[in-house]
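Colleague: Contents of target_12.cif (mmCIF, C-alpha atoms) are given next:
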```cif
data_input
#
loop_
_atom_site.label_atom_id
_atom_site.label_comp_id
_atom_site.auth_asym_id
_atom_site.auth_seq_id
_atom_site.Cartn_x
_atom_site.Cartn_y
_atom_site.Cartn_z
CA MET V 2 34.38 -6.45 -21.38
CA ASN V 3 32.43 -9.71 -21.50
CA ILE V 4 29.15 -9.39 -19.61
CA VAL V 5 26.76 -12.27 -18.98
CA PHE V 6 23.37 -10.83 -18.04
CA PHE V 7 20.71 -12.67 -16.03
CA GLY V 8 17.19 -11.21 -15.97
CA THR V 9 13.58 -11.89 -16.87
CA PRO V 10 10.83 -9.21 -16.49
CA ASP V 11 10.42 -5.60 -17.68
CA PHE V 12 12.65 -4.32 -14.87
CA ALA V 13 15.51 -6.46 -16.16
CA ALA V 14 14.84 -5.56 -19.79
CA GLU V 15 15.18 -1.85 -18.99
CA VAL V 16 18.49 -2.44 -17.20
CA LEU V 17 19.68 -4.52 -20.15
CA GLN V 18 18.77 -1.69 -22.52
CA GLY V 19 20.92 0.62 -20.41
CA LEU V 20 23.92 -1.62 -20.89
CA ILE V 21 23.37 -1.77 -24.63
CA ARG V 22 22.91 2.01 -24.98
CA THR V 23 26.24 2.68 -23.28
CA GLY V 24 28.33 0.20 -25.25
CA HIS V 25 28.21 -2.56 -22.64
CA LYS V 26 26.34 -5.06 -24.78
CA PRO V 27 26.35 -8.47 -23.06
CA VAL V 28 27.82 -11.48 -24.81
CA LEU V 29 25.06 -13.66 -23.37
CA CYS V 30 21.64 -13.19 -21.78
CA VAL V 31 20.07 -15.75 -19.48
CA SER V 32 16.33 -15.55 -18.85
CA GLN V 33 13.76 -17.80 -17.26
CA PRO V 34 11.81 -19.99 -19.71
CA ASP V 35 8.99 -18.40 -21.67
CA LYS V 36 5.59 -19.15 -20.15
CA PRO V 37 1.99 -19.24 -21.39
CA GLN V 38 0.11 -16.05 -20.56
CA GLY V 39 -3.43 -14.71 -20.72
CA ARG V 40 -6.71 -16.53 -20.98
CA LYS V 41 -5.64 -18.34 -24.14
CA GLN V 42 -2.35 -19.39 -22.48
CA ILE V 43 -0.26 -18.29 -25.44
CA ILE V 44 3.47 -18.67 -24.86
CA LYS V 45 5.05 -15.22 -24.87
CA PRO V 46 8.77 -14.38 -24.75
CA THR V 47 10.05 -12.81 -21.55
CA PRO V 48 10.97 -9.11 -21.87
CA VAL V 49 14.68 -9.97 -21.69
CA HIS V 50 14.18 -12.60 -24.39
CA GLU V 51 12.65 -9.91 -26.62
CA VAL V 52 15.51 -7.44 -26.08
CA ALA V 53 18.13 -10.13 -26.68
CA ASN V 54 16.46 -11.06 -29.96
CA GLU V 55 16.21 -7.42 -31.03
CA TYR V 56 19.94 -6.84 -30.57
CA GLY V 57 21.21 -10.24 -31.69
CA ILE V 58 22.51 -11.28 -28.27
CA ASP V 59 22.93 -14.98 -27.52
CA LEU V 60 20.17 -16.19 -25.22
CA ILE V 61 19.61 -19.29 -23.12
CA GLN V 62 16.59 -20.09 -20.93
CA PRO V 63 17.55 -23.06 -18.77
CA ARG V 64 15.06 -24.85 -16.55
CA LYS V 65 17.91 -25.99 -14.31
CA ILE V 66 20.92 -23.88 -13.35
CA LYS V 67 22.82 -26.25 -11.10
CA THR V 68 23.91 -28.67 -13.81
CA ASP V 69 27.44 -29.14 -15.14
CA GLU V 70 26.12 -28.36 -18.61
CA PHE V 71 24.92 -24.93 -17.54
CA TYR V 72 28.16 -24.23 -15.69
CA GLU V 73 30.23 -25.08 -18.76
CA LYS V 74 27.97 -22.95 -20.97
CA ILE V 75 28.49 -19.84 -18.83
CA LYS V 76 32.21 -20.59 -18.51
CA SER V 77 32.57 -20.76 -22.30
CA TYR V 78 31.69 -17.05 -22.55
CA GLU V 79 34.61 -16.12 -20.26
CA PRO V 80 32.63 -13.50 -18.33
CA ASP V 81 34.40 -10.48 -16.89
CA PHE V 82 31.14 -9.59 -15.15
CA ILE V 83 28.04 -11.50 -14.25
CA VAL V 84 25.07 -9.17 -13.79
CA THR V 85 21.65 -10.07 -12.43
CA ALA V 86 18.50 -7.94 -12.39
CA ALA V 87 15.28 -9.63 -11.31
CA TYR V 88 16.33 -12.97 -12.75
CA GLY V 89 14.07 -14.86 -10.37
CA ARG V 90 16.52 -17.49 -9.15
CA ILE V 91 19.51 -17.52 -6.82
CA LEU V 92 22.69 -18.34 -8.71
CA PRO V 93 24.96 -21.08 -7.32
CA ASN V 94 28.29 -19.92 -5.95
CA ARG V 95 30.24 -21.74 -8.60
CA ILE V 96 28.45 -19.72 -11.29
CA LEU V 97 29.25 -16.48 -9.47
CA SER V 98 32.90 -17.51 -9.24
CA LEU V 99 33.17 -17.53 -13.04
CA ALA V 100 33.20 -13.72 -13.15
CA LYS V 101 36.76 -12.44 -13.63
CA TYR V 102 36.03 -9.12 -11.93
CA GLU V 103 32.67 -9.21 -10.13
CA ALA V 104 29.24 -10.76 -10.02
CA VAL V 105 26.82 -7.93 -9.24
CA ASN V 106 23.09 -7.54 -8.70
CA VAL V 107 20.86 -4.53 -9.43
CA HIS V 108 18.51 -4.40 -6.44
CA GLY V 109 15.39 -2.24 -6.06
CA SER V 110 16.02 -0.72 -2.63
CA LEU V 111 18.57 1.20 -0.63
CA LEU V 112 20.28 -1.69 1.09
CA PRO V 113 20.40 -2.99 3.77
CA LYS V 114 16.70 -2.10 3.71
CA TYR V 115 14.42 -4.67 2.08
CA ARG V 116 16.68 -7.55 1.26
CA GLY V 117 14.68 -10.17 -0.58
CA ALA V 118 12.25 -10.79 -3.42
CA SER V 119 9.88 -7.80 -3.30
CA PRO V 120 11.74 -4.61 -2.33
CA VAL V 121 9.69 -2.29 -4.56
CA GLN V 122 6.38 -3.47 -3.15
CA ALA V 123 7.79 -3.49 0.38
CA SER V 124 8.78 0.17 0.24
CA LEU V 125 5.24 1.16 -0.77
CA LEU V 126 3.59 -1.15 1.75
CA ALA V 127 5.68 0.52 4.44
CA GLY V 128 4.62 3.99 3.31
CA ASP V 129 8.18 5.06 2.50
CA LYS V 130 8.79 8.40 0.83
CA LEU V 131 12.34 7.54 -0.28
CA THR V 132 13.73 4.46 -2.00
CA GLY V 133 16.33 3.75 -4.66
CA ILE V 134 18.65 1.30 -6.38
CA SER V 135 21.70 -0.54 -5.06
CA VAL V 136 24.35 -2.31 -7.13
CA LEU V 137 26.00 -4.90 -4.91
CA ARG V 138 28.34 -7.84 -4.97
CA MET V 139 26.50 -11.15 -5.02
CA THR V 140 27.39 -13.48 -2.16
CA ALA V 141 26.07 -16.70 -0.69
CA GLU V 142 23.76 -14.71 1.61
CA LEU V 143 20.86 -13.11 -0.25
CA ASP V 144 21.35 -9.36 -0.93
CA ALA V 145 23.93 -9.14 1.84
CA GLY V 146 27.05 -8.35 -0.18
CA PRO V 147 28.93 -5.05 -0.06
CA VAL V 148 27.46 -2.22 -2.14
CA PHE V 149 29.31 -0.59 -5.04
CA SER V 150 26.84 2.21 -5.81
CA THR V 151 23.40 3.57 -4.95
CA ALA V 152 20.95 6.12 -6.31
CA GLU V 153 17.98 7.57 -4.42
CA PHE V 154 14.44 8.23 -5.65
CA GLU V 155 11.69 10.23 -3.93
CA ILE V 156 8.36 8.44 -4.29
CA PRO V 157 5.60 10.77 -5.58
CA ASP V 158 2.15 10.73 -4.01
CA LEU V 159 -0.11 7.95 -5.31
CA MET V 160 2.68 6.23 -7.28
CA ARG V 161 1.91 2.54 -7.56
CA SER V 162 4.15 -0.51 -7.68
CA ASP V 163 4.29 -0.87 -11.45
CA GLU V 164 5.16 2.80 -11.90
CA LEU V 165 7.81 2.71 -9.19
CA MET V 166 9.29 -0.45 -10.69
CA LEU V 167 9.70 1.31 -14.03
CA GLU V 168 11.31 4.40 -12.49
CA LEU V 169 13.76 2.30 -10.51
CA ALA V 170 14.59 0.25 -13.59
CA LYS V 171 15.49 3.47 -15.43
CA ILE V 172 17.69 4.52 -12.52
CA GLY V 173 19.34 1.10 -12.49
CA ALA V 174 19.91 1.33 -16.24
CA ASP V 175 21.74 4.64 -15.72
CA LEU V 176 23.67 3.53 -12.64
CA LEU V 177 24.95 0.12 -13.72
CA PRO V 178 27.21 0.94 -16.70
CA GLY V 179 29.27 3.50 -14.78
CA THR V 180 29.49 1.13 -11.83
CA LEU V 181 30.90 -1.66 -14.01
CA ASP V 182 33.41 0.78 -15.51
CA GLY V 183 34.40 1.90 -12.02
CA ILE V 184 34.96 -1.68 -10.87
CA TYR V 185 36.89 -2.50 -14.06
CA ASN V 186 39.14 0.54 -13.63
CA VAL V 187 39.48 -0.02 -9.88
CA ASP V 188 37.88 3.36 -9.19
CA ILE V 189 35.11 1.98 -6.96
CA LYS V 190 35.44 0.00 -3.78
CA PRO V 191 32.43 -1.77 -2.27
CA ILE V 192 31.10 -0.64 1.10
CA PRO V 193 29.98 -3.38 3.53
CA GLN V 194 26.33 -3.28 4.60
CA ASP V 195 25.37 -2.69 8.22
CA ASP V 196 23.71 -6.01 8.95
CA SER V 197 22.17 -4.62 12.15
CA GLN V 198 20.01 -2.33 9.98
CA ALA V 199 18.87 -5.04 7.57
CA THR V 200 15.17 -5.61 6.91
CA PHE V 201 13.70 -8.36 4.78
CA CYS V 202 10.83 -8.93 2.35
CA GLY V 203 9.49 -12.17 0.98
CA LEU V 204 7.39 -13.16 -2.00
CA ILE V 205 4.07 -11.42 -2.60
CA ASP V 206 1.00 -13.66 -2.39
CA LYS V 207 -2.68 -13.19 -3.17
CA GLU V 208 -3.83 -13.16 0.45
CA MET V 209 -1.90 -9.96 1.08
CA GLY V 210 -4.45 -8.12 -1.07
CA GLN V 211 -7.42 -8.53 1.25
CA ILE V 212 -8.37 -5.17 2.77
CA ASP V 213 -9.20 -4.91 6.46
CA TRP V 214 -11.29 -1.79 7.03
CA ASN V 215 -10.32 -1.90 10.70
CA GLN V 216 -6.89 -0.65 9.67
CA PRO V 217 -5.95 3.05 9.29
CA ALA V 218 -6.65 4.73 5.96
CA HIS V 219 -2.96 5.41 5.29
CA GLN V 220 -2.16 1.72 5.68
CA ILE V 221 -4.91 0.71 3.25
CA GLU V 222 -3.68 3.28 0.74
CA ALA V 223 -0.20 1.78 1.01
CA GLN V 224 -1.68 -1.68 0.45
CA VAL V 225 -3.53 -0.52 -2.67
CA ARG V 226 -0.44 1.13 -4.16
CA GLY V 227 2.04 -1.56 -3.15
CA LEU V 228 0.04 -4.50 -4.51
CA TYR V 229 -0.97 -2.99 -7.85
CA PRO V 230 -1.29 -4.54 -10.40
CA TRP V 231 -0.75 -7.97 -8.81
CA PRO V 232 -2.29 -9.37 -6.72
CA GLY V 233 -4.30 -6.18 -6.25
CA ALA V 234 -6.04 -4.94 -3.11
CA TYR V 235 -9.60 -6.17 -2.82
CA THR V 236 -12.71 -5.92 -0.66
CA TYR V 237 -16.31 -7.11 -0.81
CA GLU V 238 -19.45 -5.23 -1.75
CA LYS V 239 -22.75 -7.01 -1.08
CA GLY V 240 -20.89 -10.31 -1.17
CA ASN V 241 -19.13 -9.59 -4.46
CA ARG V 242 -15.39 -9.17 -4.67
CA ILE V 243 -14.16 -5.81 -5.98
CA LYS V 244 -10.60 -4.64 -6.56
CA ILE V 245 -9.47 -1.17 -5.55
CA HIS V 246 -6.76 0.05 -7.92
CA LEU V 247 -6.23 3.59 -6.66
CA ALA V 248 -7.07 5.31 -3.37
CA LYS V 249 -5.88 8.17 -1.17
CA ALA V 250 -5.95 8.47 2.62
CA TYR V 251 -7.21 11.55 4.43
CA SER V 252 -7.66 12.51 8.04
CA ILE V 253 -11.19 13.25 9.17
CA ASP V 254 -10.27 16.91 9.59
CA ASP V 255 -9.49 17.10 5.86
CA CYS V 256 -12.89 15.75 4.86
CA SER V 257 -16.07 17.72 4.39
CA ASP V 258 -19.64 16.57 3.99
CA LEU V 259 -19.37 13.67 6.45
CA PRO V 260 -22.68 12.40 7.89
CA ASN V 261 -23.73 13.57 11.36
CA ASN V 262 -23.73 9.99 12.63
CA TYR V 263 -20.18 9.30 11.35
CA ASP V 264 -18.92 8.05 14.72
CA GLU V 265 -21.69 5.48 14.92
CA LEU V 266 -21.03 3.95 11.50
CA ASN V 267 -19.06 0.75 10.96
CA ASN V 268 -15.63 0.85 9.35
CA GLY V 269 -16.06 0.20 5.63
CA THR V 270 -19.16 2.37 5.34
CA VAL V 271 -19.47 4.89 2.51
CA VAL V 272 -19.44 8.27 4.25
CA SER V 273 -19.24 10.75 1.35
CA LEU V 274 -19.54 11.07 -2.41
CA ALA V 275 -17.72 14.40 -2.59
CA ASN V 276 -15.69 15.20 -5.71
CA LYS V 277 -17.47 12.41 -7.60
CA SER V 278 -15.62 9.67 -5.71
CA ILE V 279 -16.32 7.18 -2.96
CA TRP V 280 -15.14 7.98 0.57
CA VAL V 281 -14.99 5.12 3.07
CA LYS V 282 -14.61 5.14 6.85
CA THR V 283 -11.61 3.26 8.30
CA ALA V 284 -10.20 2.71 11.77
CA SER V 285 -8.43 6.05 11.49
CA GLY V 286 -9.19 8.50 8.73
CA VAL V 287 -11.15 8.22 5.51
CA LEU V 288 -10.11 6.49 2.27
CA GLN V 289 -11.01 8.17 -1.00
CA ILE V 290 -11.48 5.43 -3.60
CA LEU V 291 -10.55 6.64 -7.07
CA GLU V 292 -10.47 3.53 -9.27
CA VAL V 293 -12.18 0.14 -8.93
CA GLN V 294 -12.71 -3.06 -10.87
CA LYS V 295 -15.59 -5.44 -10.36
CA ALA V 296 -15.42 -9.11 -11.36
CA ASN V 297 -15.56 -9.69 -15.12
CA SER V 298 -15.48 -5.94 -15.74
CA LYS V 299 -12.91 -3.38 -16.79
CA ALA V 300 -11.33 -1.00 -14.31
CA MET V 301 -13.16 2.32 -13.99
CA GLN V 302 -12.76 5.68 -12.31
CA THR V 303 -15.21 6.12 -9.44
CA SER V 304 -16.33 9.35 -11.08
CA SER V 305 -18.23 7.03 -13.44
CA ASN V 306 -20.10 5.03 -10.79
CA TYR V 307 -20.10 7.01 -7.53
CA HIS V 308 -23.79 7.84 -8.03
CA ASN V 309 -24.66 4.16 -7.50
CA TYR V 310 -23.72 4.42 -3.79
CA ASN V 311 -25.65 5.71 -0.80
CA VAL V 312 -23.95 7.59 2.03
CA ALA V 313 -24.23 5.94 5.48
CA GLU V 314 -25.97 2.93 3.93
CA ASP V 315 -23.62 1.07 1.58
CA ILE V 316 -20.71 -0.72 3.17
CA PHE V 317 -17.57 -2.55 2.05
CA THR V 318 -16.78 -5.65 4.09
CA ASN V 319 -13.70 -7.69 4.94
CA GLU V 320 -15.41 -10.96 4.04
CA PRO V 321 -18.04 -12.00 1.42
#
```
Here is the file; what I need is its structure written in the form of structure tokens.
Modeller:
Amino acid sequence: MNIVFFGTPDFAAEVLQGLIRTGHKPVLCVSQPDKPQGRKQIIKPTPVHEVANEYGIDLIQPRKIKTDEFYEKIKSYEPDFIVTAAYGRILPNRILSLAKYEAVNVHGSLLPKYRGASPVQASLLAGDKLTGISVLRMTAELDAGPVFSTAEFEIPDLMRSDELMLELAKIGADLLPGTLDGIYNVDIKPIPQDDSQATFCGLIDKEMGQIDWNQPAHQIEAQVRGLYPWPGAYTYEKGNRIKIHLAKAYSIDDCSDLPNNYDELNNGTVVSLANKSIWVKTASGVLQILEVQKANSKAMQTSSNYHNYNVAEDIFTNEP
């Protein structure tokens, strides 16, 4: 079968590898243009670009996808299937219509939950314990098409966004080939989504990373996990911005060695240094900070710097 694959980041590259491993090597890959990265702004190939080069797959990286030239290019490959996985753009309907059998998307949630651009982060921000992958028909409405197949994944404690993204990519890589075979052999029929149960998620932006210590500990933990590595959850310490890369929420009943004047302390105050880590008071519960990164410094475990803090004296703030 002729597969035209659209994708850009690591998530897409893993799904692409799954196709190749199972004998579903695409005839064409489409990725977003390579961009300069790092402090030196060196142009680096996208992960899908790298996989396509490794396996000798034709690759194009158009800046515009609504042109007649792009349409004719895709048409020339006579696609049986068009597959997208984190491509980063919404394909025009006339491109989707070029697929002989189906145009499908590999989406990082159990639809109709978390339609939109950031389903992996959204599941962590919501504190979900269960998520998964959906392979669905692409339609004019974003992530609203009927679903061909799903696979569930239980989220382990403290798993962060980058780790969850990788696990879901592996699941998608396993799920997609059999789904395409099932569609091709008419063994699978898509199931319409229940639109009344749909939830939505937008793009992630930097402002979402700012921690409010007047929120419950479990919500701040979700923020830390869901926004790692970008944009990262951050707070302020003596006017200096500091990122929190890993943290765990506890109820007060689960914490020992809290100061006698705990109830009188402001939210954001360091209330314990037990287990060589930094414990901070929140609106409800205590947040154990396990990994931090100060400006112009490398990330470090708090077991390396907890001794620099004073219980009931040092405080993290919402603003500089």
Colleague: Would you list the contacts of Val272 (chain V) as an MDAnalysis selection string, taking every protein, DNA or RNA residue within 7 Å and counting only C-alpha atoms, but skipping same-chain residues closer than 3 positions in sequence?
Modeller: chainID V and resid 259:260 280:282 312:313
Colleague: Using all atoms listed in the file, find the one residue out of V:Lys65, V:Arg161, V:Arg40, V:Arg138 that sits nearest to Leu181 (chain V).
Modeller: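 Ranking V:Lys65, V:Arg161, V:Arg40, V:Arg138 by distance to Leu181 (chain V), first place goes to V:Arg138.
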Colleague: Give me, please, the distance in Å between CA of Asp163 (chain V) and CA of Asn306 (chain V), quoted to one decimal.
Modeller: 25.1 Å
Colleague: Which residue is closest to Gly286 (chain V)? Choose from V:Gln302, V:Gln211, V:Ser119, V:Asn268 and count all atoms listed in the file.
Modeller: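 The shortest atom-to-atom distance to Gly286 (chain V) comes from V:Asn268.
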Colleague: Since I can't run it myself right now, could you work out what the PyMOL selection byres ((chain V and resi 220) around 12) selects here and report it as a ChimeraX atom specification?
Modeller: /V:125-129,212-219,221-227,234,248-251,283-288
Colleague: Find, counting all atoms listed in the file, the residue in V:Lys171, V:Arg242, V:Lys130, V:His25 that gets nearest to Ser298 (chain V).
Modeller: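 Among the listed residues, the smallest separation from Ser298 (chain V) belongs to V:Arg242.
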Colleague: In Å to one decimal, how far is CA of Pro63 (chain V) from CA of Lys76 (chain V)?
Modeller: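 These atoms are spaced 14.9 Å apart.
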Colleague: Give me the residues within 7 Å of region 206-210 of chain V as a PyMOL selection string, counting all atoms listed in the file and dropping any in the same chain fewer than 5 places off.
Modeller: chain V and resi 228+232-235
Colleague: Run through the PyMOL selection byres ((chain V and resi 136) around 8) on the given coordinates and return the selected residues as a ChimeraX atom specification.
Modeller: /V:105-108,134-135,137-138,148-151,177,180
Colleague: Name the closest residue to Ser257 (chain V) among the candidates V:Leu167, V:Leu274, V:Ile43, V:Cys202; distances are taken between atoms, counting all atoms listed in the file.
Modeller: V:Leu274
Colleague: Report the centre and edge lengths, in Å to one decimal, of an axis-aligned box enclosing every atom of region 101-113 of chain V listed in the file, padded by 8 Å on each side, as AutoDock Vina command-line options.
Modeller:
```
--center_x 26.1 --center_y -5.6 --center_z -4.9 --size_x 37.4 --size_y 29.6 --size_z 33.4
```
Colleague: Using all atoms listed in the file, determine which residues lie at most 12 Å from Lys36 (chain V), disregarding the query and same-chain residues fewer than 2 positions distant; provide the list as a list in words.
Modeller: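 Those residues are Thr9, Pro10, Ser32, Gln33, Pro34, Gln38, Gly39, Lys41, Gln42, Ile43, Ile44, Lys45, Pro46, Thr47, Pro48, His50, Gln62 and Arg64 of chain V.
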Colleague: What residues come out when you apply the PyMOL selection byres ((chain V and resi 86) around 10) to this file, written as a VMD selection string?
Modeller: chain V and resid 6 to 17 84 to 85 87 to 89 105 to 109 136 170 173
Colleague: Those residues with C-alpha atoms, as a compact mmCIF listing (two decimals), in the coordinates of the input please?
Modeller:
```txt
# COMPACT_ATOMS: atom_id res chain seq x y z
CA PHE V 6 23.37 -10.83 -18.04
CA PHE V 7 20.71 -12.67 -16.03
CA GLY V 8 17.19 -11.21 -15.97
CA THR V 9 13.58 -11.89 -16.87
CA PRO V 10 10.83 -9.21 -16.49
CA ASP V 11 10.42 -5.60 -17.68
CA PHE V 12 12.65 -4.32 -14.87
CA ALA V 13 15.51 -6.46 -16.16
CA ALA V 14 14.84 -5.56 -19.79
CA GLU V 15 15.18 -1.85 -18.99
CA VAL V 16 18.49 -2.44 -17.20
CA LEU V 17 19.68 -4.52 -20.15
CA VAL V 84 25.07 -9.17 -13.79
CA THR V 85 21.65 -10.07 -12.43
CA ALA V 87 15.28 -9.63 -11.31
CA TYR V 88 16.33 -12.97 -12.75
CA GLY V 89 14.07 -14.86 -10.37
CA VAL V 105 26.82 -7.93 -9.24
CA ASN V 106 23.09 -7.54 -8.70
CA VAL V 107 20.86 -4.53 -9.43
CA HIS V 108 18.51 -4.40 -6.44
CA GLY V 109 15.39 -2.24 -6.06
CA VAL V 136 24.35 -2.31 -7.13
CA ALA V 170 14.59 0.25 -13.59
CA GLY V 173 19.34 1.10 -12.49
```
Colleague: Interatomic distance between CA of Ser162 (chain V) and CA of Trp231 (chain V)?
Modeller: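 Computed distance, CA of Ser162 (chain V) to CA of Trp231 (chain V), equals 9.0 Å.
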Colleague: Looking at all atoms listed in the file, which of V:Ile192, V:Thr140, V:Val121, V:Tyr185 is the one that sits closest to Leu169 (chain V)?
Modeller: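 Result for the nearest residue to Leu169 (chain V): V:Val121.
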Colleague: Can you write out as a tab-separated table which residues of region 4-31 of chain V fall within 9 Å of region 55-61 of chain V, alongside each residue's closest atom pair and its distance in Å to one decimal, counting only C-alpha atoms and ordering rows by chain and ascending residue number?
Modeller:
```
residue	atom	partner	partner_atom	distance
V:Ile21	CA	V:Tyr56	CA	8.5
V:Lys26	CA	V:Ile58	CA	8.1
V:Pro27	CA	V:Ile58	CA	7.1
V:Val28	CA	V:Ile58	CA	6.3
V:Leu29	CA	V:Asp59	CA	4.8
V:Cys30	CA	V:Leu60	CA	4.8
V:Val31	CA	V:Ile61	CA	5.1
```
Colleague: Restricting the calculation to only C-alpha atoms: of V:Leu247, V:Phe71, V:Thr318, V:Gly269, which residue gets closest to Thr303 (chain V)?
Modeller: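 Checking each candidate against Thr303 (chain V), we get V:Leu247 as the closest.
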Colleague: For Gln198 (chain V), please output as a list of chain:residue names all residues within 9 Å (counting all atoms listed in the file; exclusion window: fewer than 5 positions along the same chain).
Modeller: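 What passes the distance filter is V:Leu112, V:Pro113, V:Lys114.
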